[in-house]
Amino acid sequence: MNRPAGFSEQPVWTALGLLVVCAGPLILLAGVGGYVPDDDRLAVVVTGLVWTPLTVVVLILAVVGTVRDQRVWRDLDTAGVRAMGDVTSAQHVWSGEDDRCTRVRMLVTVPGRPPFTTSHLVAGEKIIEVGTSIPVEVHPTRDLFRLVAEPPTGGASR
């Protein structure tokens with residue numbers, strides 16, 4: 001698993017998430033503040049009362065998940081073991097509608113752990129030779145790793 005993108009690296013998703021989190025209190029404010037007709041006020045207030053706690057729960061889960069992810073990656077920074085991953089295959093795959101990337105599968109051997117197979121997506125269509133060794137950092141007890149550097153390429157295929 002590689003480091004997930006942070007909120008600041010995904011501005012569209014961050015804006016959408018903030019909009020959803022603000023929906024409950026805004027609906028409640030519209031109902032209580034008299035911005036809706038009297039006939040609909042009770043329904044709008046009830047909807048706001050239901051949505052507000054849900055949005056608070058979503059916000060709490062997002063913050064707790066982000067803090068947990070930061071702690072896990074900090075653990076990798078402090079306890080990570082440098083190992084070599086041997087490329088077993090590399091293939092070009094689609095990433096989204098227009099972009100292609102290279103999926104690299106490799107066998108990683110870490111002292112004190114059984115060898116494991118993992119894969120990583122590298123941006124762009126790159127030619128990566130089978131048997132190439134790529135340095136990785138691996139957490140000694142968790143299934144967590146990251147590439148230390150981009151894999152060496154044999155040339156671009158475009």
# chains A, B, ... in the order shown; residues from 1 in each chain; ligands from 1
>>> select_by_dssp(residues="range 2-142 of chain A", states="strand (DSSP E)", output="number ranges by chain")
A: 81-95, 99-109, 116-123, 133-138
>>> residues_around(residues="Phe145 in chain A", least_positions_apart="6", cutoff="10 Å", atoms="only C-alpha atoms", output="VMD selection string")
chain A and resid 1 to 3 73 76 80 to 83 108 118 120 136 to 139
>>> atom_distance(atom1="CA of Arg103 in chain A", atom2="CA of Leu121 in chain A")
4.6 Å
>>> closest_residue(among="A:Thr47, A:Asp77, A:Leu144, A:Ala15", to="Gly31 in chain A", atoms="only C-alpha atoms")
A:Thr47
>>> atom_distance(atom1="CA of Val36 in chain A", atom2="CA of Leu49 in chain A")
15.4 Å
>>> residues_around(residues="Leu107 in chain A", least_positions_apart="3", cutoff="6 Å", atoms="only C-alpha atoms", output="list in words")
Gly85, Asp86, Phe116 and Thr117 of chain A
>>> write_last_selection(atoms="C-alpha atoms", output="PDB file, in the first residue's frame")
ATOM      1  CA  GLY A  85      11.691  -5.658  -4.569  1.00  0.00           C
ATOM      2  CA  ASP A  86      12.409  -7.804  -7.633  1.00  0.00           C
ATOM      3  CA  PHE A 116       5.466 -11.259  -0.277  1.00  0.00           C
ATOM      4  CA  THR A 117       4.198 -10.173  -3.677  1.00  0.00           C
TER       5      THR A 117
END
>>> closest_residue(among="A:Ile27, A:Val148, A:Ala90, A:Cys101", to="Ser119 in chain A", atoms="only C-alpha atoms")
A:Ala90
>>> atom_distance(atom1="CA of Thr55 in chain A", atom2="CA of Val21 in chain A")
4.8 Å
>>> select_by_dssp(residues="range 2-149 of chain A", states="helix (DSSP H, G or I)", output="PyMOL selection string")
chain A and resi 7-9+11-32+38-79
>>> residues_around(residues="Leu59 in chain A", least_positions_apart="2", cutoff="10 Å", atoms="only C-alpha atoms", output="ChimeraX atom specification")
/A:17-18,20-22,53-57,61-65
>>> residues_around(residues="Val93 in chain A", least_positions_apart="4", cutoff="12 Å", atoms="only C-alpha atoms", output="MDAnalysis selection string")
chainID A and resid 97:104 120:126
>>> closest_residue(among="A:Leu147, A:Ala79, A:Ile127, A:Ala23", to="Met106 in chain A", atoms="only C-alpha atoms")
A:Leu147
